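Below: final_9.csv (CSV, C-alpha atoms and all ligand atoms)
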chain,number,residue,atom,x,y,z
A,333,MET,CA,7.0,-73.2,7.1
A,334,GLN,CA,7.2,-69.8,8.8
A,335,HIS,CA,5.7,-66.8,7.2
A,336,ASP,CA,6.6,-63.7,9.0
A,337,THR,CA,7.3,-60.5,7.1
A,338,ASP,CA,7.2,-56.9,8.0
A,339,ASN,CA,4.0,-56.6,6.1
A,340,THR,CA,2.1,-58.5,8.7
A,341,ALA,CA,3.0,-56.1,11.5
A,342,ASP,CA,-0.1,-54.5,13.0
A,343,LYS,CA,0.5,-50.9,12.1
A,344,ARG,CA,-3.2,-50.3,12.5
A,345,PRO,CA,-3.3,-47.8,9.6
A,346,GLY,CA,-7.1,-47.4,9.8
A,347,ILE,CA,-7.3,-46.6,13.4
A,348,GLY,CA,-7.7,-43.1,14.9
A,349,PRO,CA,-8.5,-39.7,13.5
A,350,VAL,CA,-6.2,-38.2,10.9
A,351,PRO,CA,-5.7,-34.4,10.9
A,352,ALA,CA,-7.0,-32.6,7.8
A,353,GLU,CA,-3.5,-31.4,6.7
A,354,ALA,CA,-2.2,-35.0,7.0
A,355,ILE,CA,-5.0,-36.3,4.8
A,356,LEU,CA,-4.4,-33.7,2.2
A,357,GLN,CA,-0.7,-34.5,2.2
A,358,ARG,CA,-1.2,-38.2,1.6
A,359,VAL,CA,-3.9,-37.6,-1.1
A,360,ASP,CA,-2.3,-34.7,-2.9
A,361,GLN,CA,0.5,-36.8,-4.5
A,362,PRO,CA,1.1,-38.0,-8.0
A,363,ILE,CA,-1.7,-40.6,-8.5
A,364,ALA,CA,0.6,-43.6,-8.5
A,365,LEU,CA,2.0,-42.6,-5.1
A,366,ALA,CA,-1.1,-41.2,-3.5
A,367,THR,CA,-3.2,-42.8,-0.8
A,368,GLY,CA,-6.9,-42.1,-0.5
A,369,LEU,CA,-9.0,-40.8,2.4
A,370,PRO,CA,-8.4,-42.7,5.6
A,371,ASN,CA,-11.0,-45.2,6.9
A,372,THR,CA,-12.1,-42.8,9.6
A,373,SER,CA,-13.5,-40.5,6.8
A,374,TYR,CA,-16.1,-43.2,6.2
A,375,THR,CA,-16.6,-44.9,9.6
A,376,SER,CA,-17.4,-42.3,12.2
A,377,ASN,CA,-20.3,-40.0,13.0
A,378,THR,CA,-17.8,-37.2,13.8
A,379,THR,CA,-16.3,-37.2,10.3
A,380,PHE,CA,-19.8,-37.5,8.9
A,381,LEU,CA,-20.8,-34.3,10.6
A,382,ASN,CA,-17.5,-32.8,9.6
A,383,ASP,CA,-18.3,-33.6,6.0
A,384,ARG,CA,-21.6,-31.9,6.4
A,385,ASP,CA,-20.2,-28.7,7.8
A,386,LYS,CA,-16.9,-28.4,5.9
A,387,VAL,CA,-17.4,-30.3,2.6
A,388,ILE,CA,-21.0,-30.3,1.8
A,389,GLY,CA,-22.1,-27.2,3.7
A,390,ASN,CA,-19.6,-24.9,2.0
A,391,ASN,CA,-20.8,-26.0,-1.4
A,392,TRP,CA,-23.9,-26.6,-3.5
A,393,ALA,CA,-25.7,-29.8,-2.5
A,394,CYS,CA,-28.9,-31.2,-4.1
A,395,ILE,CA,-31.6,-32.0,-1.5
A,396,GLY,CA,-34.7,-32.7,-3.5
A,397,PHE,CA,-36.8,-32.4,-6.7
A,398,VAL,CA,-39.5,-29.8,-7.4
A,399,ASP,CA,-41.9,-32.6,-8.4
A,400,GLN,CA,-41.9,-33.8,-4.8
A,401,LEU,CA,-43.9,-30.7,-4.0
A,402,ALA,CA,-47.1,-31.7,-5.7
A,403,THR,CA,-49.0,-28.4,-5.7
A,404,SER,CA,-48.7,-24.7,-4.9
A,405,ASN,CA,-48.9,-24.0,-1.1
A,406,PHE,CA,-46.9,-27.1,-0.2
A,407,ALA,CA,-44.3,-27.8,2.4
A,408,LEU,CA,-41.9,-30.7,2.4
A,409,PRO,CA,-39.7,-31.6,5.4
A,410,VAL,CA,-36.4,-33.2,4.5
A,411,GLU,CA,-33.7,-34.7,6.8
A,412,PHE,CA,-30.3,-33.9,5.3
A,413,MET,CA,-27.3,-35.1,7.2
A,414,ALA,CA,-29.1,-34.9,10.5
A,415,LEU,CA,-30.4,-31.4,9.8
A,416,PRO,CA,-34.2,-30.8,9.7
A,417,LEU,CA,-34.8,-28.8,6.6
A,418,LEU,CA,-38.1,-27.6,5.0
A,419,ILE,CA,-38.7,-27.0,1.3
A,420,THR,CA,-41.7,-24.8,0.5
A,421,ARG,CA,-43.6,-24.0,-2.7
A,422,ASP,CA,-45.7,-20.9,-2.2
A,423,ASN,CA,-48.8,-19.7,-4.0
A,424,ASP,CA,-46.7,-18.3,-6.8
A,425,ASP,CA,-44.8,-21.6,-7.1
A,426,VAL,CA,-41.6,-20.0,-5.7
A,427,ILE,CA,-39.4,-22.7,-4.1
A,428,ARG,CA,-37.6,-21.8,-0.9
A,429,VAL,CA,-35.6,-23.8,1.7
A,430,PHE,CA,-35.6,-23.1,5.4
A,431,HIS,CA,-34.3,-24.7,8.6
A,432,ASN,CA,-37.3,-26.7,9.7
A,433,VAL,CA,-37.4,-25.2,13.2
A,434,CYS,CA,-39.7,-22.7,14.9
A,435,SER,CA,-38.1,-19.5,15.9
A,436,HIS,CA,-39.9,-19.5,19.3
A,437,ARG,CA,-38.7,-22.5,21.4
A,438,GLY,CA,-37.1,-24.5,18.6
A,439,MET,CA,-39.8,-27.0,17.9
A,440,LYS,CA,-39.4,-28.9,14.7
A,441,LEU,CA,-42.0,-27.2,12.6
A,442,ALA,CA,-43.3,-29.7,10.0
A,443,GLU,CA,-43.2,-33.5,10.4
A,444,LYS,CA,-44.8,-34.5,7.2
A,445,PRO,CA,-45.3,-33.2,3.7
A,446,CYS,CA,-48.4,-31.1,3.6
A,447,SER,CA,-50.4,-29.0,1.3
A,448,ASN,CA,-51.8,-26.0,3.2
A,449,ASN,CA,-53.4,-22.6,2.7
A,450,GLY,CA,-50.1,-20.9,2.5
A,451,ALA,CA,-49.4,-21.0,6.2
A,452,LEU,CA,-47.5,-23.3,8.6
A,453,ARG,CA,-48.6,-23.5,12.2
A,454,CYS,CA,-46.1,-24.7,14.8
A,455,PRO,CA,-47.8,-27.5,16.8
A,456,TYR,CA,-46.4,-26.2,20.1
A,457,HIS,CA,-47.7,-22.7,20.7
A,458,SER,CA,-49.3,-22.1,17.3
A,459,TRP,CA,-46.9,-19.4,15.9
A,460,THR,CA,-47.8,-19.4,12.3
A,461,TYR,CA,-45.4,-18.7,9.3
A,462,ARG,CA,-46.1,-17.9,5.7
A,463,LEU,CA,-44.4,-20.1,3.1
A,464,ASP,CA,-42.0,-17.3,2.4
A,465,GLY,CA,-40.8,-17.7,6.0
A,466,ALA,CA,-42.5,-14.6,7.4
A,467,LEU,CA,-43.9,-14.9,10.9
A,468,ARG,CA,-47.6,-14.1,10.5
A,469,ALA,CA,-49.3,-14.9,13.8
A,470,THR,CA,-48.2,-15.2,17.4
A,471,PRO,CA,-51.3,-16.1,19.4
A,472,ASN,CA,-51.4,-14.9,23.0
A,473,LEU,CA,-47.8,-13.7,22.7
A,474,GLY,CA,-48.5,-10.5,24.7
A,475,GLY,CA,-50.8,-12.3,27.3
A,476,TYR,CA,-54.1,-14.1,27.0
A,477,GLY,CA,-56.0,-12.7,24.0
A,478,GLU,CA,-53.2,-10.3,23.2
A,479,HIS,CA,-51.3,-11.4,20.1
A,480,ASN,CA,-48.6,-8.8,19.9
A,481,HIS,CA,-46.2,-7.1,22.2
A,482,PRO,CA,-44.7,-3.7,21.7
A,483,GLU,CA,-41.2,-4.9,22.2
A,484,PHE,CA,-41.5,-8.0,20.1
A,485,ASP,CA,-40.7,-7.7,16.4
A,486,ARG,CA,-42.2,-10.4,14.2
A,487,ASN,CA,-40.0,-9.3,11.3
A,488,VAL,CA,-36.9,-10.6,12.8
A,489,ASN,CA,-38.4,-13.9,14.0
A,490,GLY,CA,-39.3,-15.5,10.7
A,491,LEU,CA,-38.0,-18.9,9.5
A,492,LYS,CA,-34.3,-19.0,8.8
A,493,GLU,CA,-33.9,-19.3,5.1
A,494,ILE,CA,-31.1,-21.2,3.4
A,495,ARG,CA,-29.6,-20.1,0.1
A,496,SER,CA,-31.1,-22.2,-2.6
A,497,ARG,CA,-31.5,-22.6,-6.3
A,498,VAL,CA,-33.7,-24.7,-8.6
A,499,TRP,CA,-32.0,-26.1,-11.7
A,500,LEU,CA,-33.7,-28.6,-14.0
A,501,ASN,CA,-36.2,-29.6,-11.4
A,502,ALA,CA,-33.5,-30.2,-8.9
A,503,ILE,CA,-33.3,-28.2,-5.7
A,504,PHE,CA,-29.8,-27.2,-4.5
A,505,ILE,CA,-28.8,-25.5,-1.3
A,506,ASN,CA,-25.6,-23.9,0.0
A,507,LEU,CA,-25.8,-24.1,3.8
A,508,SER,CA,-22.9,-21.8,4.5
A,509,GLY,CA,-24.1,-19.1,2.1
A,510,THR,CA,-20.5,-18.6,1.0
A,511,ALA,CA,-20.2,-20.8,-2.1
A,512,GLN,CA,-19.6,-19.3,-5.5
A,513,PRO,CA,-22.8,-18.4,-7.5
A,514,PHE,CA,-24.7,-21.4,-8.6
A,515,ASP,CA,-24.3,-20.5,-12.3
A,516,GLU,CA,-20.5,-20.5,-11.9
A,517,TYR,CA,-20.7,-23.9,-10.2
A,518,VAL,CA,-22.5,-25.6,-13.1
A,519,LYS,CA,-20.8,-23.6,-15.9
A,520,PRO,CA,-17.9,-25.9,-16.6
A,521,VAL,CA,-20.2,-28.9,-17.1
A,522,LEU,CA,-22.7,-26.9,-19.2
A,523,GLN,CA,-19.9,-25.6,-21.4
A,524,SER,CA,-18.5,-29.1,-21.9
A,525,TRP,CA,-22.0,-30.1,-23.0
A,526,GLY,CA,-22.0,-27.3,-25.6
A,527,LYS,CA,-20.7,-29.8,-28.1
A,528,PHE,CA,-24.0,-31.7,-27.8
A,529,LEU,CA,-26.8,-29.3,-27.1
A,530,SER,CA,-28.0,-25.8,-26.4
A,531,LEU,CA,-29.2,-24.6,-23.0
A,532,ASP,CA,-32.7,-24.2,-24.5
A,533,SER,CA,-32.8,-27.9,-25.3
A,534,LEU,CA,-31.7,-28.7,-21.8
A,535,GLU,CA,-34.8,-26.9,-20.5
A,536,GLN,CA,-37.0,-29.1,-22.7
A,537,PHE,CA,-36.2,-32.3,-20.8
A,538,LYS,CA,-39.4,-33.6,-19.2
A,539,ILE,CA,-40.2,-35.9,-16.3
A,540,SER,CA,-42.9,-38.5,-16.5
A,541,ASP,CA,-45.2,-39.2,-13.6
A,542,SER,CA,-44.5,-42.8,-13.4
A,543,GLU,CA,-41.3,-43.7,-15.4
A,544,SER,CA,-38.8,-41.2,-14.1
A,545,HIS,CA,-38.4,-42.0,-10.4
A,546,LEU,CA,-35.9,-44.3,-8.7
A,547,THR,CA,-34.9,-44.4,-5.1
A,548,LEU,CA,-32.2,-46.8,-3.7
A,549,THR,CA,-30.8,-47.1,-0.2
A,550,VAL,CA,-27.2,-48.2,0.2
A,551,LYS,CA,-25.5,-49.1,3.4
A,552,SER,CA,-22.4,-47.0,2.7
A,553,ASN,CA,-20.9,-43.6,3.3
A,554,TRP,CA,-22.0,-41.1,0.7
A,555,LYS,CA,-18.4,-40.6,-0.6
A,556,LEU,CA,-18.2,-44.2,-1.7
A,557,ALA,CA,-21.3,-43.7,-3.9
A,558,VAL,CA,-19.6,-40.7,-5.5
A,559,GLU,CA,-16.4,-42.7,-6.0
A,560,ASN,CA,-18.2,-45.5,-7.6
A,561,PHE,CA,-20.1,-43.2,-10.0
A,562,LEU,CA,-16.9,-41.5,-11.1
A,563,GLU,CA,-15.3,-44.6,-12.6
A,564,SER,CA,-15.9,-47.1,-15.4
A,565,TYR,CA,-13.2,-49.4,-14.2
A,566,HIS,CA,-15.7,-51.7,-12.6
A,567,LEU,CA,-17.9,-52.1,-15.7
A,568,PRO,CA,-16.8,-55.6,-16.7
A,569,ALA,CA,-17.1,-57.1,-13.2
A,570,VAL,CA,-20.1,-55.3,-11.9
A,571,HIS,CA,-22.2,-54.5,-15.0
A,572,PRO,CA,-21.6,-57.4,-17.5
A,573,GLU,CA,-24.7,-56.7,-19.4
A,574,LEU,CA,-24.0,-53.0,-19.8
A,575,ASN,CA,-20.4,-53.8,-20.6
A,576,ARG,CA,-21.5,-55.9,-23.5
A,577,ILE,CA,-23.2,-52.9,-25.2
A,578,SER,CA,-21.0,-50.2,-23.8
A,579,PRO,CA,-17.7,-51.8,-23.0
A,580,LEU,CA,-14.9,-50.5,-20.8
A,581,ASP,CA,-12.6,-49.8,-23.8
A,582,LYS,CA,-15.3,-47.5,-25.2
A,583,HIS,CA,-15.2,-45.3,-22.0
A,584,TYR,CA,-13.1,-42.3,-21.3
A,585,ASN,CA,-12.5,-40.0,-18.4
A,586,LEU,CA,-14.1,-36.6,-18.7
A,587,GLY,CA,-12.3,-33.4,-18.4
A,588,MET,CA,-11.8,-32.5,-14.7
A,589,PHE,CA,-12.9,-29.2,-13.3
A,590,GLU,CA,-12.7,-27.8,-9.9
A,591,GLN,CA,-15.9,-29.5,-8.7
A,592,SER,CA,-16.6,-32.0,-11.4
A,593,ALA,CA,-15.2,-35.2,-12.9
A,594,GLY,CA,-16.6,-38.3,-14.4
A,595,GLN,CA,-16.6,-40.6,-17.3
A,596,GLY,CA,-18.1,-40.9,-20.8
A,597,SER,CA,-19.1,-43.6,-23.2
A,598,LEU,CA,-18.6,-43.8,-26.9
A,599,SER,CA,-21.1,-46.6,-27.4
A,600,TYR,CA,-24.4,-45.5,-26.0
A,601,THR,CA,-27.1,-47.2,-27.9
A,602,ARG,CA,-30.5,-45.6,-28.1
A,603,LEU,CA,-33.3,-47.9,-27.2
A,604,GLU,CA,-35.4,-49.1,-30.2
A,605,LEU,CA,-38.8,-50.8,-29.6
A,606,ASN,CA,-41.4,-51.5,-32.2
A,607,ASN,CA,-39.1,-49.8,-34.7
A,608,LYS,CA,-39.4,-46.5,-32.8
A,609,GLN,CA,-36.9,-44.5,-30.8
A,610,LEU,CA,-37.5,-41.7,-28.3
A,611,PRO,CA,-37.2,-38.2,-29.7
A,612,VAL,CA,-33.6,-36.8,-29.7
A,613,ILE,CA,-32.2,-33.3,-29.1
A,614,PRO,CA,-32.3,-31.9,-32.7
A,615,GLU,CA,-28.9,-30.2,-32.6
A,616,TRP,CA,-27.1,-33.2,-31.1
A,617,PRO,CA,-24.4,-33.9,-33.8
A,618,ALA,CA,-25.1,-37.1,-35.7
A,619,GLU,CA,-21.5,-38.3,-35.5
A,620,GLN,CA,-21.8,-38.1,-31.7
A,621,ILE,CA,-25.1,-39.8,-31.3
A,622,ASN,CA,-23.5,-42.7,-29.5
A,623,LYS,CA,-21.8,-40.5,-26.9
A,624,ALA,CA,-23.0,-40.2,-23.4
A,625,GLU,CA,-21.4,-38.4,-20.5
A,626,TYR,CA,-21.7,-38.9,-16.7
A,627,PRO,CA,-20.2,-36.1,-14.8
A,628,ALA,CA,-20.5,-35.8,-11.0
A,629,LEU,CA,-21.1,-32.3,-9.6
A,630,TYR,CA,-19.4,-32.4,-6.2
A,631,PRO,CA,-20.4,-33.0,-3.6
A,632,ASN,CA,-23.5,-35.1,-4.1
A,633,THR,CA,-25.1,-34.7,-7.6
A,634,PHE,CA,-24.6,-37.0,-10.6
A,635,LEU,CA,-25.7,-36.2,-14.2
A,636,GLY,CA,-26.1,-38.4,-17.2
A,637,ILE,CA,-26.6,-36.8,-20.6
A,638,HIS,CA,-27.6,-38.7,-23.7
A,639,ALA,CA,-29.2,-37.5,-27.0
A,640,ASP,CA,-32.6,-38.8,-25.9
A,641,GLN,CA,-32.5,-38.8,-22.1
A,642,LEU,CA,-30.9,-37.1,-19.1
A,643,PHE,CA,-30.7,-38.3,-15.5
A,644,ILE,CA,-30.0,-36.4,-12.3
A,645,GLN,CA,-29.2,-38.3,-9.2
A,646,TYR,CA,-28.5,-36.9,-5.8
A,647,LEU,CA,-27.3,-38.5,-2.6
A,648,GLN,CA,-29.1,-38.0,0.7
A,649,PRO,CA,-26.5,-39.0,3.3
A,650,ILE,CA,-28.5,-40.3,6.4
A,651,ASP,CA,-25.5,-41.3,8.6
A,652,HIS,CA,-21.9,-42.2,8.1
A,653,GLN,CA,-22.9,-45.6,6.6
A,654,THR,CA,-26.3,-45.1,5.1
A,655,THR,CA,-27.1,-43.1,1.9
A,656,VAL,CA,-30.3,-42.8,-0.1
A,657,GLU,CA,-29.9,-42.2,-3.8
A,658,HIS,CA,-32.7,-40.3,-5.5
A,659,VAL,CA,-32.9,-40.4,-9.3
A,660,ARG,CA,-35.0,-38.6,-11.9
A,661,ILE,CA,-34.9,-39.7,-15.6
A,662,TYR,CA,-35.8,-36.9,-18.0
A,663,TYR,CA,-37.0,-37.5,-21.6
A,664,PHE,CA,-36.6,-35.0,-24.4
A,665,GLY,CA,-39.6,-32.9,-25.4
A,666,GLU,CA,-43.3,-33.1,-24.7
A,667,GLN,CA,-43.7,-35.9,-27.3
A,668,SER,CA,-41.5,-38.2,-25.3
A,669,LEU,CA,-44.2,-38.3,-22.6
A,670,ASP,CA,-46.9,-39.6,-25.0
A,671,ALA,CA,-48.4,-43.0,-24.5
A,672,GLU,CA,-46.7,-44.3,-27.6
A,673,PHE,CA,-43.4,-44.1,-25.8
A,674,ALA,CA,-44.6,-45.5,-22.5
A,675,GLU,CA,-42.8,-48.8,-23.1
A,676,HIS,CA,-39.6,-47.0,-23.9
A,677,ARG,CA,-39.7,-45.0,-20.7
A,678,ARG,CA,-40.5,-48.1,-18.7
A,679,SER,CA,-37.7,-50.0,-20.3
A,680,LEU,CA,-35.2,-47.2,-19.6
A,681,GLN,CA,-36.4,-46.8,-16.1
A,682,ASN,CA,-35.9,-50.6,-15.5
A,683,SER,CA,-32.5,-50.7,-17.0
A,684,TRP,CA,-31.2,-47.8,-14.9
A,685,GLN,CA,-32.7,-49.5,-11.9
A,686,SER,CA,-30.8,-52.6,-12.7
A,687,VAL,CA,-27.5,-50.8,-13.3
A,688,PHE,CA,-27.8,-48.8,-10.1
A,689,GLU,CA,-28.8,-51.9,-8.1
A,690,GLU,CA,-25.8,-53.7,-9.5
A,691,ASP,CA,-23.6,-51.1,-7.9
A,692,ILE,CA,-25.0,-51.6,-4.4
A,693,PHE,CA,-22.9,-54.6,-3.4
A,694,ALA,CA,-19.8,-52.8,-4.5
A,695,VAL,CA,-20.3,-49.6,-2.5
A,696,GLU,CA,-21.5,-51.7,0.5
A,697,GLY,CA,-18.5,-53.9,0.2
A,698,MET,CA,-16.2,-50.9,0.2
A,699,GLN,CA,-17.9,-49.7,3.3
A,700,ALA,CA,-17.5,-53.1,5.0
A,701,GLY,CA,-13.8,-53.0,4.0
A,702,ARG,CA,-13.3,-49.8,5.8
A,703,ALA,CA,-13.7,-51.5,9.1
A,704,SER,CA,-10.4,-53.3,8.5
A,705,PRO,CA,-7.2,-52.1,10.1
A,706,GLY,CA,-5.5,-53.6,7.1
A,707,TYR,CA,-6.6,-50.8,4.9
A,708,SER,CA,-6.7,-47.0,5.1
A,709,GLY,CA,-7.0,-45.2,1.8
A,710,GLY,CA,-5.6,-47.9,-0.5
A,711,ALA,CA,-4.1,-47.1,-4.0
A,712,PHE,CA,-5.4,-45.7,-7.3
A,713,SER,CA,-5.0,-47.0,-10.8
A,714,PRO,CA,-3.0,-44.3,-12.5
A,715,ALA,CA,-5.1,-44.7,-15.7
A,716,MET,CA,-8.5,-45.7,-14.4
A,717,ASP,CA,-8.9,-43.9,-11.1
A,718,GLN,CA,-8.0,-40.3,-12.1
A,719,PRO,CA,-11.6,-39.0,-11.4
A,720,THR,CA,-11.6,-40.8,-8.0
A,721,HIS,CA,-8.3,-39.4,-7.1
A,722,HIS,CA,-9.6,-36.0,-8.2
A,723,PHE,CA,-12.5,-36.3,-5.8
A,724,HIS,CA,-10.4,-37.4,-2.9
A,725,LYS,CA,-8.1,-34.4,-3.5
A,726,TRP,CA,-11.2,-32.1,-3.6
A,727,VAL,CA,-12.6,-33.5,-0.3
A,728,ALA,CA,-9.2,-33.3,1.4
A,729,THR,CA,-8.8,-29.7,0.2
A,730,GLN,CA,-12.2,-28.7,1.5
A,731,LEU,CA,-11.4,-30.2,4.9
A,732,ALA,CA,-8.0,-28.6,5.1
A,733,ALA,CA,-9.2,-25.2,3.9
A,734,ASP,CA,-11.9,-25.2,6.5
A,735,SER,CA,-9.6,-26.3,9.3
A,736,ASN,CA,-7.2,-23.4,8.3
A,737,ALA,CA,-10.1,-21.1,8.7
A,738,ASP,CA,-10.8,-22.3,12.3
A,801,LIG,S1,-42.1,-23.6,19.8
A,801,LIG,FE1,-43.2,-23.1,18.0
A,801,LIG,S2,-44.7,-21.8,18.8
A,801,LIG,FE2,-43.6,-22.2,20.5
A,802,FE,FE,-21.5,-48.9,-11.7

Can the structure in the file be given as C-alpha cells, please?
Ligand code: FES
Ligand SMILES: [Fe+2]
Amino acid sequence: MQHDTDNTADKRPGIGPVPAEAILQRVDQPIALATGLPNTSYTSNTTFLNDRDKVIGNNWACIGFVDQLATSNFALPVEFMALPLLITRDNDDVIRVFHNVCSHRGMKLAEKPCSNNGALRCPYHSWTYRLDGALRATPNLGGYGEHNHPEFDRNVNGLKEIRSRVWLNAIFINLSGTAQPFDEYVKPVLQSWGKFLSLDSLEQFKISDSESHLTLTVKSNWKLAVENFLESYHLPAVHPELNRISPLDKHYNLGMFEQSAGQGSLSYTRLELNNKQLPVIPEWPAEQINKAEYPALYPNTFLGIHADQLFIQYLQPIDHQTTVEHVRIYYFGEQSLDAEFAEHRRSLQNSWQSVFEEDIFAVEGMQAGRASPGYSGGAFSPAMDQPTHHFHKWVATQLAADSNAD
C-alpha cells in the first residue's frame, strides 16, 4: 500500500539560520498557533555566541556563588560562554567581577582559583593588579630597572570590571552594563513571595558546607534546561516518585513577569525524620505551608522557595550543547545547620540530586531531537506550556530588539 502524503515532503524546516524578526513572528502568536525557537537556536556555535551577546549579555546572569571564594583575598577564574571571567574577593570581602585578561598583551590572567596576598601577577611580564582591579606594579615598563614611564598611566590600565551584584550568596553579572537595576530585576519575584515571607527572613537562609552543593552536567543547550525547569507537565513521566507526593494536578503556573515564569506546587511535604522537621520561616502562613514555588529568573537562574528550604540554581553554558548546572540548597536559620538536622539536610540534598538527574535524559533527548529536519520549534500545550512559550517569546524579543539596534 502506498503512503505518500504532503506531510512527508522534505521541507527541511530545521535547516538554515532564521532571522531574528522571523523567529519573533512565529513565536509571538497565540499559544495554540505559535511555533517555538528554530533548531538552529540550539545547534550552532553562532547562535550560542549570539545568545551570549544579545540575550544573556544584556541581562543579569548568575555566574557563581560567594562560597566558592573560600577566604578573603581570593580570585576565582570562571569560563562563561567562552568568556574568561575573574571573580575576586578582596581583603574587605568585597566581591567584584572582571574580564580575566591582562591589560598589557592580553594574557589570560588567572588559570586557577587562588588565595593570595591581595595581588594578582600576570605570568607573562609580571604586571600586578590589586583585587579591586587597579594596576599596582609594572616591572621594567620604562626600561630595565625602571618600573614607570612618564607617558604611561597605570590608572587607565587596570582590569576591566563587569557590572555585578551579590544576592543571597549568588553572584550576578550584566555584561553589557545596560540592564535595568538588579533590584528592579528581582522585584516581581520578591513581591510575589511577600505572601510567604519577609525580606529579612530571606536573608536568614544558610548554606551548609557539605549538604548544600550539587553540580550536574547536561549535554544540551542552556535554553532547554530553562524550558524544562519552567513546566510541571513532565512530572508524571519523568518524576514518578515526586509526582506521587506532589502530583501534576496539584501544580499551577506562576504569574508571568517580564523576566520570570515558572510553576508552583500545592502539595509540598516537609521532610520529617525521627519526629523532627527542619525549622520553618516563622511568618510563613500555616494554611500555605504545603506551597512551594519555582520561578526562573531569565536568562539562567532558577529559584525554589519552601517554608523550610530555598534553592538557587544557575546554568553555566559551556557550548551550544553542553551546560553545567550549579545548585545551592539553603536551610532556614542557624539552627538548621546543627548536627541534629544533618540527616535532614543530607536527605534533601539527595532527593534534589535525584530529581535533577531525572531531568537529564529529557533535556538531552530534546537536544538530540533538534538535529532532526523533521522538527523546528514544535508546538505548545495551550494549558501546560504557557511558561515555556513565555520564555521563547522573551528570547525572541531579546534577539529581535538587539538586531534592530545593530
Ligand atoms: S601580558 Fe600580562 S604583563 Fe604582559
Ligand atoms: Fe523535572

(message) Quick one: residues within 10 Å of Asp464 in chain A, only C-alpha atoms, excluding same-chain residues fewer than 6 positions away - as a ChimeraX atom specification?
(response) /A:420-423,426-430,450-451,490-491,493

(request) Measuring atom to atom with only C-alpha atoms and all ligand atoms, identify which of A:Gln641, A:Ser713, A:Gln685, A:Asn560 is nearest to ligand FE 802 (chain A). (result) A:Asn560

(message) Using only C-alpha atoms, which protein or nucleic acid residues come within 12 Å of Leu507 in chain A? Drop anything in the same chain fewer than 3 positions from it, and give the result as a PyMOL selection string.
(response) chain A and resi 384-395+412-413+415+417+429-431+492-497+504+510-511

(request) Enter the distance from CA of Arg453 in chain A to CA of Ala469 in chain A, in Å, rounded to one decimal. (result) 8.8 Å

(request) Fewer than 6 positions away in the same chain doesn't count, so skip those; otherwise give me all residues within 12 Å of Ala352 in chain A, counting only C-alpha atoms, as an MDAnalysis selection string. (result) chainID A and resid 358:360 369:370 372:373 379 382:383 386:387 725 727:738

(message) Give me, as a ChimeraX atom specification, all polymer residues having an atom no more than 9 Å from Gln620 in chain A, counting only C-alpha atoms and skipping those fewer than 4 positions away in the same chain.
(response) /A:528,598,616,624,639

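Interatomic distance, CA of Ser458 in chain A to CA of Val433 in chain A: 13.0 Å.
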
(request) Return as a ChimeraX atom specification the residues of protein, DNA or RNA that approach ligand LIG 801 (chain A) to within 8 Å, with all atoms listed in the file taken into account. (result) /A:433-441,453-460,470

(message) Under the rule that only C-alpha atoms are counted, which of A:Asn501, A:Gln609, A:Gln357, A:Asn487 is the nearest residue to Gln667 in chain A?
(response) A:Gln609

Where does chain A meet ligand FE 802 (chain A) within 7 Å, residue by residue, with the nearest atom pair and distance in Å to one decimal for each, counting all atoms listed in the file, listed by chain and rising number, as a Markdown table?
| residue | atom | partner | partner_atom | distance |
| --- | --- | --- | --- | --- |
| A:Asn560 | CA | A:FE802 | FE | 6.3 |
| A:Phe561 | CA | A:FE802 | FE | 6.1 |
| A:Ser564 | CA | A:FE802 | FE | 6.9 |
| A:His566 | CA | A:FE802 | FE | 6.5 |
| A:Leu567 | CA | A:FE802 | FE | 6.3 |
| A:Val570 | CA | A:FE802 | FE | 6.6 |
| A:His571 | CA | A:FE802 | FE | 6.5 |
| A:Val687 | CA | A:FE802 | FE | 6.5 |
| A:Phe688 | CA | A:FE802 | FE | 6.5 |
| A:Glu690 | CA | A:FE802 | FE | 6.8 |
| A:Asp691 | CA | A:FE802 | FE | 4.9 |

(request) Can you work out the spacing between CA of Ser668 in chain A and CA of Leu574 in chain A in Å, to one decimal? (result)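 Result for CA of Ser668 in chain A versus CA of Leu574 in chain A: 23.6 Å, one decimal.
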
If you take all atoms listed in the file and a cut-off of 12 Å, which residues of range 594-709 of chain A touch range 398-401 of chain A, and what are their nearest atom pairs and distances in Å to one decimal, in chain and number order, as JSON lines?
{"residue": "A:His658", "atom": "CA", "partner": "A:Gln400", "partner_atom": "CA", "distance": 11.3}
{"residue": "A:Val659", "atom": "CA", "partner": "A:Asp399", "partner_atom": "CA", "distance": 11.9}
{"residue": "A:Arg660", "atom": "CA", "partner": "A:Asp399", "partner_atom": "CA", "distance": 9.8}

(request) Quick one: everything within 6 Å of Leu647 in chain A, counting all atoms listed in the file, minus sequence neighbours fewer than 4 positions away in the same chain. Send it as a list in words. (result)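 Listed by chain and then number, they are Asn632, Val656 and Glu657 of chain A.
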
(message) Here is a test: counting all atoms listed in the file, which residue of A:Thr633, A:Ser447, A:Asn489, A:Asn682 is nearest to Leu467 in chain A?
(response)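 The closest residue to Leu467 in chain A is A:Asn489.
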
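Using all atoms listed in the file, the nearest neighbour of Lys582 in chain A within the list A:Lys623, A:Lys608, A:His652, A:Arg702 is A:Lys623.
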
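Closest approach to Asn622 in chain A among A:Ser524, A:Gln699, A:Ser578, A:Asn607: A:Ser578, based on only C-alpha atoms.
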
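The smallest atom-to-atom distance between Ile539 in chain A and any of A:Asn405, A:Gln681, A:Thr367, A:Ser552, using all atoms listed in the file, is found for A:Gln681.
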